[in-house]
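The file structure-v5.cif contains mmCIF, N, CA and C atoms:
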data_data
loop_
_atom_site.label_atom_id
_atom_site.label_comp_id
_atom_site.auth_asym_id
_atom_site.auth_seq_id
_atom_site.Cartn_x
_atom_site.Cartn_y
_atom_site.Cartn_z
N GLU Z 1 -2.14 -12.94 0.71
CA GLU Z 1 -0.71 -13.13 0.79
C GLU Z 1 0.02 -12.15 -0.12
N GLN Z 2 -0.53 -11.91 -1.31
CA GLN Z 2 0.11 -11.00 -2.25
C GLN Z 2 0.01 -9.56 -1.78
N SER Z 3 -1.15 -9.17 -1.27
CA SER Z 3 -1.35 -7.78 -0.87
C SER Z 3 -0.52 -7.39 0.33
N PHE Z 4 -0.28 -8.33 1.23
CA PHE Z 4 0.45 -8.02 2.46
C PHE Z 4 1.85 -8.63 2.50
N ALA Z 5 2.26 -9.26 1.41
CA ALA Z 5 3.60 -9.84 1.28
C ALA Z 5 3.98 -10.72 2.47
N THR Z 6 3.04 -11.55 2.87
CA THR Z 6 3.31 -12.48 3.97
C THR Z 6 2.51 -13.75 3.74
N GLU Z 7 3.06 -14.86 4.16
CA GLU Z 7 2.35 -16.13 4.00
C GLU Z 7 1.33 -16.32 5.11
N ALA Z 8 0.17 -16.80 4.75
CA ALA Z 8 -0.88 -17.05 5.74
C ALA Z 8 -0.49 -18.26 6.59
N LYS Z 9 -0.66 -18.14 7.89
CA LYS Z 9 -0.33 -19.25 8.79
C LYS Z 9 -1.41 -20.32 8.78
N TRP Z 10 -2.66 -19.90 8.67
CA TRP Z 10 -3.78 -20.84 8.62
C TRP Z 10 -4.56 -20.57 7.34
N LYS Z 11 -4.96 -21.64 6.67
CA LYS Z 11 -5.75 -21.51 5.44
C LYS Z 11 -6.97 -22.42 5.55
N GLU Z 12 -8.11 -21.85 5.28
CA GLU Z 12 -9.37 -22.59 5.32
C GLU Z 12 -9.71 -22.94 3.88
N ALA Z 13 -9.89 -24.20 3.57
CA ALA Z 13 -10.11 -24.62 2.18
C ALA Z 13 -11.34 -25.49 1.99
N ARG Z 14 -12.19 -25.61 2.99
CA ARG Z 14 -13.34 -26.52 2.86
C ARG Z 14 -14.64 -25.82 2.51
N SER Z 15 -14.68 -24.51 2.61
CA SER Z 15 -15.93 -23.79 2.43
C SER Z 15 -16.28 -23.59 0.95
N ASP Z 16 -17.57 -23.39 0.72
CA ASP Z 16 -18.07 -23.11 -0.63
C ASP Z 16 -18.54 -21.66 -0.78
N ASN Z 17 -18.64 -20.94 0.33
CA ASN Z 17 -19.07 -19.54 0.27
C ASN Z 17 -18.52 -18.78 1.47
N THR Z 18 -18.78 -17.50 1.53
CA THR Z 18 -18.21 -16.66 2.57
C THR Z 18 -18.75 -17.02 3.96
N PHE Z 19 -20.02 -17.36 4.04
CA PHE Z 19 -20.57 -17.76 5.33
C PHE Z 19 -19.86 -18.99 5.88
N GLU Z 20 -19.71 -20.01 5.04
CA GLU Z 20 -19.02 -21.22 5.47
C GLU Z 20 -17.56 -20.92 5.80
N ASN Z 21 -16.94 -20.01 5.05
CA ASN Z 21 -15.56 -19.62 5.33
C ASN Z 21 -15.45 -18.99 6.71
N ALA Z 22 -16.42 -18.16 7.07
CA ALA Z 22 -16.41 -17.52 8.39
C ALA Z 22 -16.52 -18.56 9.49
N VAL Z 23 -17.45 -19.48 9.33
CA VAL Z 23 -17.68 -20.51 10.35
C VAL Z 23 -16.46 -21.43 10.47
N CYS Z 24 -15.92 -21.86 9.34
CA CYS Z 24 -14.76 -22.76 9.39
C CYS Z 24 -13.51 -22.04 9.88
N SER Z 25 -13.39 -20.77 9.57
CA SER Z 25 -12.27 -19.98 10.10
C SER Z 25 -12.35 -19.88 11.61
N GLU Z 26 -13.56 -19.68 12.12
CA GLU Z 26 -13.73 -19.65 13.58
C GLU Z 26 -13.34 -20.99 14.19
N PHE Z 27 -13.71 -22.07 13.53
CA PHE Z 27 -13.38 -23.41 14.02
C PHE Z 27 -11.86 -23.59 14.08
N ILE Z 28 -11.17 -23.21 13.02
CA ILE Z 28 -9.71 -23.36 12.96
C ILE Z 28 -9.02 -22.45 13.98
N LEU Z 29 -9.39 -21.18 13.97
CA LEU Z 29 -8.70 -20.20 14.83
C LEU Z 29 -9.09 -20.34 16.29
N GLY Z 30 -10.33 -20.75 16.56
CA GLY Z 30 -10.77 -20.94 17.94
C GLY Z 30 -9.94 -22.00 18.65
N GLY Z 31 -9.52 -23.01 17.90
CA GLY Z 31 -8.66 -24.04 18.48
C GLY Z 31 -7.29 -23.52 18.86
N GLN Z 32 -6.93 -22.38 18.31
CA GLN Z 32 -5.65 -21.73 18.62
C GLN Z 32 -5.84 -20.56 19.60
N GLN Z 33 -7.05 -20.45 20.14
CA GLN Z 33 -7.41 -19.37 21.08
C GLN Z 33 -7.31 -17.99 20.41
N ILE Z 34 -7.55 -17.92 19.13
CA ILE Z 34 -7.51 -16.65 18.40
C ILE Z 34 -8.93 -16.17 18.20
N ARG Z 35 -9.21 -14.97 18.61
CA ARG Z 35 -10.56 -14.40 18.48
C ARG Z 35 -10.57 -13.09 17.70
N ASN Z 36 -9.43 -12.42 17.57
CA ASN Z 36 -9.34 -11.14 16.85
C ASN Z 36 -8.54 -11.35 15.56
N VAL Z 37 -9.15 -11.00 14.43
CA VAL Z 37 -8.51 -11.24 13.14
C VAL Z 37 -8.68 -10.03 12.22
N PHE Z 38 -7.77 -9.93 11.27
CA PHE Z 38 -7.93 -9.00 10.16
C PHE Z 38 -8.67 -9.74 9.07
N LEU Z 39 -9.74 -9.14 8.59
CA LEU Z 39 -10.53 -9.75 7.53
C LEU Z 39 -10.10 -9.13 6.21
N VAL Z 40 -9.43 -9.91 5.38
CA VAL Z 40 -8.89 -9.43 4.11
C VAL Z 40 -9.72 -9.99 2.97
N THR Z 41 -10.31 -9.09 2.20
CA THR Z 41 -11.09 -9.48 1.02
C THR Z 41 -11.22 -8.26 0.13
N HIS Z 42 -11.76 -8.48 -1.06
CA HIS Z 42 -11.96 -7.38 -1.99
C HIS Z 42 -12.88 -6.33 -1.36
N ALA Z 43 -12.59 -5.08 -1.59
CA ALA Z 43 -13.35 -3.99 -0.98
C ALA Z 43 -14.85 -4.08 -1.26
N SER Z 44 -15.23 -4.46 -2.47
CA SER Z 44 -16.65 -4.54 -2.79
C SER Z 44 -17.34 -5.68 -2.04
N HIS Z 45 -16.59 -6.67 -1.64
CA HIS Z 45 -17.11 -7.84 -0.95
C HIS Z 45 -17.13 -7.66 0.58
N MET Z 46 -16.46 -6.63 1.07
CA MET Z 46 -16.26 -6.48 2.51
C MET Z 46 -17.56 -6.41 3.34
N PRO Z 47 -18.57 -5.63 2.96
CA PRO Z 47 -19.78 -5.58 3.81
C PRO Z 47 -20.41 -6.95 4.03
N ARG Z 48 -20.49 -7.76 2.98
CA ARG Z 48 -21.09 -9.09 3.12
C ARG Z 48 -20.18 -10.00 3.94
N ALA Z 49 -18.88 -9.88 3.76
CA ALA Z 49 -17.94 -10.70 4.52
C ALA Z 49 -18.00 -10.34 6.01
N VAL Z 50 -18.05 -9.06 6.32
CA VAL Z 50 -18.15 -8.63 7.72
C VAL Z 50 -19.45 -9.17 8.32
N PHE Z 51 -20.54 -9.10 7.58
CA PHE Z 51 -21.81 -9.63 8.07
C PHE Z 51 -21.67 -11.11 8.40
N ALA Z 52 -21.04 -11.89 7.52
CA ALA Z 52 -20.87 -13.33 7.75
C ALA Z 52 -20.00 -13.59 8.97
N PHE Z 53 -18.89 -12.88 9.09
CA PHE Z 53 -17.99 -13.10 10.22
C PHE Z 53 -18.59 -12.61 11.53
N ASP Z 54 -19.46 -11.60 11.48
CA ASP Z 54 -20.13 -11.15 12.70
C ASP Z 54 -21.07 -12.20 13.27
N LEU Z 55 -21.45 -13.19 12.46
CA LEU Z 55 -22.29 -14.28 12.95
C LEU Z 55 -21.48 -15.27 13.79
N THR Z 56 -20.17 -15.17 13.74
CA THR Z 56 -19.28 -16.04 14.50
C THR Z 56 -18.82 -15.31 15.76
N LYS Z 57 -17.95 -15.96 16.52
CA LYS Z 57 -17.39 -15.34 17.72
C LYS Z 57 -16.09 -14.60 17.45
N LEU Z 58 -15.69 -14.55 16.18
CA LEU Z 58 -14.48 -13.82 15.82
C LEU Z 58 -14.75 -12.32 15.79
N GLN Z 59 -13.80 -11.56 16.27
CA GLN Z 59 -13.86 -10.11 16.19
C GLN Z 59 -13.00 -9.69 15.00
N VAL Z 60 -13.61 -9.06 14.01
CA VAL Z 60 -12.87 -8.76 12.78
C VAL Z 60 -12.52 -7.28 12.67
N THR Z 61 -11.35 -7.04 12.11
CA THR Z 61 -10.94 -5.71 11.70
C THR Z 61 -10.86 -5.77 10.18
N PRO Z 62 -11.74 -5.04 9.48
CA PRO Z 62 -11.73 -5.10 8.02
C PRO Z 62 -10.41 -4.56 7.45
N ALA Z 63 -9.86 -5.28 6.49
CA ALA Z 63 -8.65 -4.88 5.77
C ALA Z 63 -8.89 -5.09 4.28
N PRO Z 64 -9.68 -4.20 3.66
CA PRO Z 64 -10.07 -4.41 2.27
C PRO Z 64 -8.90 -4.21 1.30
N THR Z 65 -8.98 -4.94 0.20
CA THR Z 65 -8.01 -4.80 -0.89
C THR Z 65 -8.78 -4.70 -2.20
N GLY Z 66 -8.08 -4.49 -3.29
CA GLY Z 66 -8.70 -4.55 -4.62
C GLY Z 66 -9.77 -3.50 -4.86
N PHE Z 67 -9.50 -2.28 -4.45
CA PHE Z 67 -10.47 -1.21 -4.69
C PHE Z 67 -10.62 -0.96 -6.19
N GLN Z 68 -11.86 -0.71 -6.63
CA GLN Z 68 -12.08 -0.38 -8.03
C GLN Z 68 -11.79 1.10 -8.22
N ARG Z 69 -11.02 1.39 -9.25
CA ARG Z 69 -10.69 2.78 -9.53
C ARG Z 69 -11.86 3.44 -10.25
N ASP Z 70 -11.98 4.72 -10.04
CA ASP Z 70 -13.03 5.49 -10.70
C ASP Z 70 -12.61 5.76 -12.14
N SER Z 71 -13.11 4.95 -13.06
CA SER Z 71 -12.76 5.10 -14.47
C SER Z 71 -13.64 6.12 -15.17
N PHE Z 72 -14.56 6.72 -14.45
CA PHE Z 72 -15.50 7.64 -15.07
C PHE Z 72 -15.02 9.08 -15.03
N LYS Z 73 -13.93 9.36 -14.33
CA LYS Z 73 -13.44 10.74 -14.22
C LYS Z 73 -12.96 11.28 -15.55
N SER Z 74 -12.54 10.40 -16.46
CA SER Z 74 -12.00 10.86 -17.73
C SER Z 74 -13.10 11.29 -18.69
N THR Z 75 -14.33 10.94 -18.42
CA THR Z 75 -15.43 11.33 -19.30
C THR Z 75 -16.04 12.63 -18.81
N THR Z 76 -16.58 13.38 -19.74
CA THR Z 76 -17.16 14.68 -19.39
C THR Z 76 -18.53 14.82 -20.05
N GLY Z 77 -19.30 15.75 -19.53
CA GLY Z 77 -20.57 16.10 -20.13
C GLY Z 77 -21.51 14.93 -20.31
N LEU Z 78 -22.18 14.91 -21.45
CA LEU Z 78 -23.18 13.90 -21.76
C LEU Z 78 -22.56 12.50 -21.82
N GLU Z 79 -21.31 12.41 -22.26
CA GLU Z 79 -20.63 11.12 -22.38
C GLU Z 79 -20.60 10.37 -21.05
N ARG Z 80 -20.56 11.13 -19.98
CA ARG Z 80 -20.51 10.52 -18.64
C ARG Z 80 -21.80 9.75 -18.33
N TRP Z 81 -22.90 10.09 -18.98
CA TRP Z 81 -24.19 9.47 -18.71
C TRP Z 81 -24.52 8.33 -19.67
N LEU Z 82 -23.69 8.10 -20.67
CA LEU Z 82 -23.93 7.04 -21.64
C LEU Z 82 -23.46 5.70 -21.08
N PRO Z 83 -24.11 4.60 -21.46
CA PRO Z 83 -23.69 3.28 -20.99
C PRO Z 83 -22.26 2.96 -21.43
N SER Z 84 -21.57 2.22 -20.57
CA SER Z 84 -20.21 1.78 -20.92
C SER Z 84 -19.96 0.42 -20.27
N ALA Z 85 -19.01 -0.31 -20.81
CA ALA Z 85 -18.68 -1.62 -20.26
C ALA Z 85 -18.17 -1.50 -18.83
N GLY Z 86 -17.37 -0.49 -18.56
CA GLY Z 86 -16.84 -0.30 -17.20
C GLY Z 86 -17.94 -0.03 -16.19
N ALA Z 87 -18.87 0.81 -16.55
CA ALA Z 87 -19.98 1.12 -15.65
C ALA Z 87 -20.87 -0.11 -15.44
N LEU Z 88 -21.06 -0.89 -16.48
CA LEU Z 88 -21.86 -2.11 -16.36
C LEU Z 88 -21.19 -3.10 -15.40
N ALA Z 89 -19.88 -3.22 -15.48
CA ALA Z 89 -19.15 -4.13 -14.58
C ALA Z 89 -19.28 -3.68 -13.13
N VAL Z 90 -19.17 -2.38 -12.88
CA VAL Z 90 -19.31 -1.86 -11.53
C VAL Z 90 -20.73 -2.09 -11.02
N SER Z 91 -21.71 -1.86 -11.87
CA SER Z 91 -23.11 -2.09 -11.48
C SER Z 91 -23.37 -3.56 -11.17
N ARG Z 92 -22.80 -4.45 -11.98
CA ARG Z 92 -22.96 -5.88 -11.74
C ARG Z 92 -22.38 -6.28 -10.40
N THR Z 93 -21.19 -5.79 -10.09
CA THR Z 93 -20.55 -6.11 -8.81
C THR Z 93 -21.39 -5.59 -7.65
N ALA Z 94 -21.86 -4.36 -7.76
CA ALA Z 94 -22.67 -3.78 -6.69
C ALA Z 94 -23.96 -4.57 -6.49
N LEU Z 95 -24.63 -4.92 -7.56
CA LEU Z 95 -25.87 -5.69 -7.47
C LEU Z 95 -25.62 -7.08 -6.90
N HIS Z 96 -24.53 -7.73 -7.33
CA HIS Z 96 -24.18 -9.05 -6.80
C HIS Z 96 -23.99 -8.99 -5.29
N GLU Z 97 -23.25 -8.02 -4.82
CA GLU Z 97 -22.99 -7.91 -3.38
C GLU Z 97 -24.24 -7.53 -2.60
N TRP Z 98 -25.06 -6.66 -3.14
CA TRP Z 98 -26.30 -6.26 -2.46
C TRP Z 98 -27.23 -7.45 -2.34
N LEU Z 99 -27.41 -8.19 -3.43
CA LEU Z 99 -28.27 -9.38 -3.38
C LEU Z 99 -27.67 -10.47 -2.49
N GLY Z 100 -26.35 -10.61 -2.52
CA GLY Z 100 -25.69 -11.58 -1.66
C GLY Z 100 -25.89 -11.28 -0.19
N LYS Z 101 -25.78 -10.02 0.18
CA LYS Z 101 -25.99 -9.64 1.58
C LYS Z 101 -27.45 -9.88 1.99
N LEU Z 102 -28.37 -9.58 1.10
CA LEU Z 102 -29.78 -9.84 1.38
C LEU Z 102 -30.02 -11.34 1.54
N TYR Z 103 -29.44 -12.15 0.68
CA TYR Z 103 -29.55 -13.61 0.78
C TYR Z 103 -28.99 -14.09 2.12
N TYR Z 104 -27.83 -13.58 2.51
CA TYR Z 104 -27.23 -13.99 3.78
C TYR Z 104 -28.12 -13.63 4.96
N ARG Z 105 -28.72 -12.45 4.93
CA ARG Z 105 -29.60 -12.04 6.03
C ARG Z 105 -30.77 -13.00 6.20
N PHE Z 106 -31.32 -13.46 5.10
CA PHE Z 106 -32.47 -14.36 5.17
C PHE Z 106 -32.09 -15.81 5.45
N ASN Z 107 -30.91 -16.22 5.04
CA ASN Z 107 -30.55 -17.63 5.12
C ASN Z 107 -29.54 -18.00 6.20
N TYR Z 108 -28.76 -17.05 6.69
CA TYR Z 108 -27.70 -17.39 7.64
C TYR Z 108 -27.79 -16.58 8.93
N GLY Z 109 -28.95 -16.18 9.32
CA GLY Z 109 -29.07 -15.30 10.47
C GLY Z 109 -29.33 -15.98 11.80
N SER Z 110 -29.08 -17.27 11.92
CA SER Z 110 -29.38 -17.92 13.19
C SER Z 110 -28.20 -18.71 13.71
N ASP Z 111 -28.14 -18.88 15.03
CA ASP Z 111 -27.07 -19.65 15.66
C ASP Z 111 -27.12 -21.12 15.25
N ASP Z 112 -28.32 -21.64 14.98
CA ASP Z 112 -28.44 -23.04 14.56
C ASP Z 112 -27.70 -23.28 13.25
N LEU Z 113 -27.80 -22.35 12.33
CA LEU Z 113 -27.11 -22.49 11.05
C LEU Z 113 -25.60 -22.43 11.23
N VAL Z 114 -25.14 -21.59 12.13
CA VAL Z 114 -23.71 -21.49 12.40
C VAL Z 114 -23.19 -22.82 12.94
N ARG Z 115 -23.92 -23.40 13.89
CA ARG Z 115 -23.53 -24.69 14.46
C ARG Z 115 -23.57 -25.80 13.42
N THR Z 116 -24.60 -25.80 12.56
CA THR Z 116 -24.73 -26.81 11.51
C THR Z 116 -23.57 -26.70 10.52
N ALA Z 117 -23.23 -25.49 10.13
CA ALA Z 117 -22.13 -25.29 9.18
C ALA Z 117 -20.80 -25.70 9.81
N ALA Z 118 -20.64 -25.52 11.10
CA ALA Z 118 -19.39 -25.87 11.77
C ALA Z 118 -19.12 -27.36 11.71
N VAL Z 119 -20.16 -28.17 11.61
CA VAL Z 119 -20.00 -29.62 11.56
C VAL Z 119 -19.21 -30.01 10.31
N SER Z 120 -19.37 -29.28 9.22
CA SER Z 120 -18.67 -29.61 7.96
C SER Z 120 -17.21 -29.17 7.96
N CYS Z 121 -16.80 -28.45 8.97
CA CYS Z 121 -15.40 -27.98 9.04
C CYS Z 121 -14.57 -29.10 9.58
#
Show this structure as structure tokens.
Amino acid sequence: EQSFATEAKWKEARSDNTFENAVCSEFILGGQQIRNVFLVTHASHMPRAVFAFDLTKLQVTPAPTGFQRDSFKSTTGLERWLPSAGALAVSRTALHEWLGKLYYRFNYGSDDLVRTAAVSC
């Protein structure tokens, strides 16, 4: 809502993770005959979110927000290769998303799971 300066018409509030959000969003929007949506989430989270929404019948157009700025351009030479808090934060985010996508592939890759998750919506 903040990034696009518009109020969301539908809000899904029952999910505990991105996979459940995708399934419950399909449940809510499917009742309105909506199948094409803009998927808005943090840029680093987008690949995993797209994977989760691709398991549903919704057709998503990614609309990432919250891009991380390259804070390493100001450093030069050897300093660029030394550990820093900023680089650690970026590495943590990348590792979290990579492991999350791997977890989703192993745990949410079947139609049975999509149907089971829809029951909680």
Would you write out, as a compact mmCIF listing (two decimals) with N, CA and C atoms, in the frame of the given file, every residue that the PyMOL selection byres ((chain Z and resi 47-51) around 8) captures in this file?
# COMPACT_ATOMS: atom_id res chain seq x y z
N THR Z 18 -18.78 -17.50 1.53
CA THR Z 18 -18.21 -16.66 2.57
C THR Z 18 -18.75 -17.02 3.96
N PHE Z 19 -20.02 -17.36 4.04
CA PHE Z 19 -20.57 -17.76 5.33
C PHE Z 19 -19.86 -18.99 5.88
N ALA Z 22 -16.42 -18.16 7.07
CA ALA Z 22 -16.41 -17.52 8.39
C ALA Z 22 -16.52 -18.56 9.49
N LEU Z 39 -9.74 -9.14 8.59
CA LEU Z 39 -10.53 -9.75 7.53
C LEU Z 39 -10.10 -9.13 6.21
N THR Z 41 -10.31 -9.09 2.20
CA THR Z 41 -11.09 -9.48 1.02
C THR Z 41 -11.22 -8.26 0.13
N HIS Z 42 -11.76 -8.48 -1.06
CA HIS Z 42 -11.96 -7.38 -1.99
C HIS Z 42 -12.88 -6.33 -1.36
N ALA Z 43 -12.59 -5.08 -1.59
CA ALA Z 43 -13.35 -3.99 -0.98
C ALA Z 43 -14.85 -4.08 -1.26
N SER Z 44 -15.23 -4.46 -2.47
CA SER Z 44 -16.65 -4.54 -2.79
C SER Z 44 -17.34 -5.68 -2.04
N HIS Z 45 -16.59 -6.67 -1.64
CA HIS Z 45 -17.11 -7.84 -0.95
C HIS Z 45 -17.13 -7.66 0.58
N MET Z 46 -16.46 -6.63 1.07
CA MET Z 46 -16.26 -6.48 2.51
C MET Z 46 -17.56 -6.41 3.34
N ALA Z 52 -21.04 -11.89 7.52
CA ALA Z 52 -20.87 -13.33 7.75
C ALA Z 52 -20.00 -13.59 8.97
N PHE Z 53 -18.89 -12.88 9.09
CA PHE Z 53 -17.99 -13.10 10.22
C PHE Z 53 -18.59 -12.61 11.53
N ASP Z 54 -19.46 -11.60 11.48
CA ASP Z 54 -20.13 -11.15 12.70
C ASP Z 54 -21.07 -12.20 13.27
N LEU Z 55 -21.45 -13.19 12.46
CA LEU Z 55 -22.29 -14.28 12.95
C LEU Z 55 -21.48 -15.27 13.79
N THR Z 56 -20.17 -15.17 13.74
CA THR Z 56 -19.28 -16.04 14.50
C THR Z 56 -18.82 -15.31 15.76
N VAL Z 60 -13.61 -9.06 14.01
CA VAL Z 60 -12.87 -8.76 12.78
C VAL Z 60 -12.52 -7.28 12.67
N PRO Z 62 -11.74 -5.04 9.48
CA PRO Z 62 -11.73 -5.10 8.02
C PRO Z 62 -10.41 -4.56 7.45
N GLU Z 97 -23.25 -8.02 -4.82
CA GLU Z 97 -22.99 -7.91 -3.38
C GLU Z 97 -24.24 -7.53 -2.60
N TRP Z 98 -25.06 -6.66 -3.14
CA TRP Z 98 -26.30 -6.26 -2.46
C TRP Z 98 -27.23 -7.45 -2.34
N GLY Z 100 -26.35 -10.61 -2.52
CA GLY Z 100 -25.69 -11.58 -1.66
C GLY Z 100 -25.89 -11.28 -0.19
N LYS Z 101 -25.78 -10.02 0.18
CA LYS Z 101 -25.99 -9.64 1.58
C LYS Z 101 -27.45 -9.88 1.99
N LEU Z 102 -28.37 -9.58 1.10
CA LEU Z 102 -29.78 -9.84 1.38
C LEU Z 102 -30.02 -11.34 1.54
N TYR Z 104 -27.83 -13.58 2.51
CA TYR Z 104 -27.23 -13.99 3.78
C TYR Z 104 -28.12 -13.63 4.96
N ARG Z 105 -28.72 -12.45 4.93
CA ARG Z 105 -29.60 -12.04 6.03
C ARG Z 105 -30.77 -13.00 6.20
Check your understanding: For Ile34 (chain Z), which of Z:His96, Z:Arg80, Z:Lys57, Z:Arg14 is the closest residue, counting all atoms listed in the file?
Key ->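 Ranked by minimum distance to Ile34 (chain Z), first place goes to Z:Lys57.
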Exercise for review: Go through Z:Cys24, Z:Lys9, Z:Val40, Z:Glu1 and flag the residue nearest Cys121 (chain Z), using all atoms listed in the file for the distances.
Suggested key: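 Checking each candidate against Cys121 (chain Z), we get Z:Cys24 as the closest.
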Point to revise | Straight-line distance linking CA of Gln59 (chain Z) with CA of Phe106 (chain Z), stated in Å to one decimal | key: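 Taking CA of Gln59 (chain Z) and CA of Phe106 (chain Z), their separation equals 22.0 Å.
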Point to revise | helix (DSSP H, G or I) per DSSP on the backbone: members of chain Z, as a PyMOL selection string | key: chain Z and resi 18-30+43-54+77-81+85-107+111-119
Practice item. Enumerate, as an MDAnalysis selection string, the residues matched when the PyMOL selection byres (((chain Z and resi 12 and name CA) around 9) and name CA) is run on the file above. Key: chainID Z and resid 10:11 13:15 21 24:25 28 121
Enclose the full set of atoms of region 37-52 of chain Z listed in the file within a box whose edges lie along x, y and z, apply 4 Å of padding to each of the six sides, and report centre and edge lengths in Å to one decimal as JSON.
{"center_x": -14.8, "center_y": -8.8, "center_z": 5.8, "size_x": 22.0, "size_y": 17.6, "size_z": 25.2}
Point to revise | Using only C-alpha atoms: which of Z:Thr116, Z:Gln2, Z:Thr65, Z:Ser91 has the shortest distance to Phe38 (chain Z) | key: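 Among Z:Thr116, Z:Gln2, Z:Thr65, Z:Ser91, it is Z:Thr65 that comes nearest to Phe38 (chain Z).
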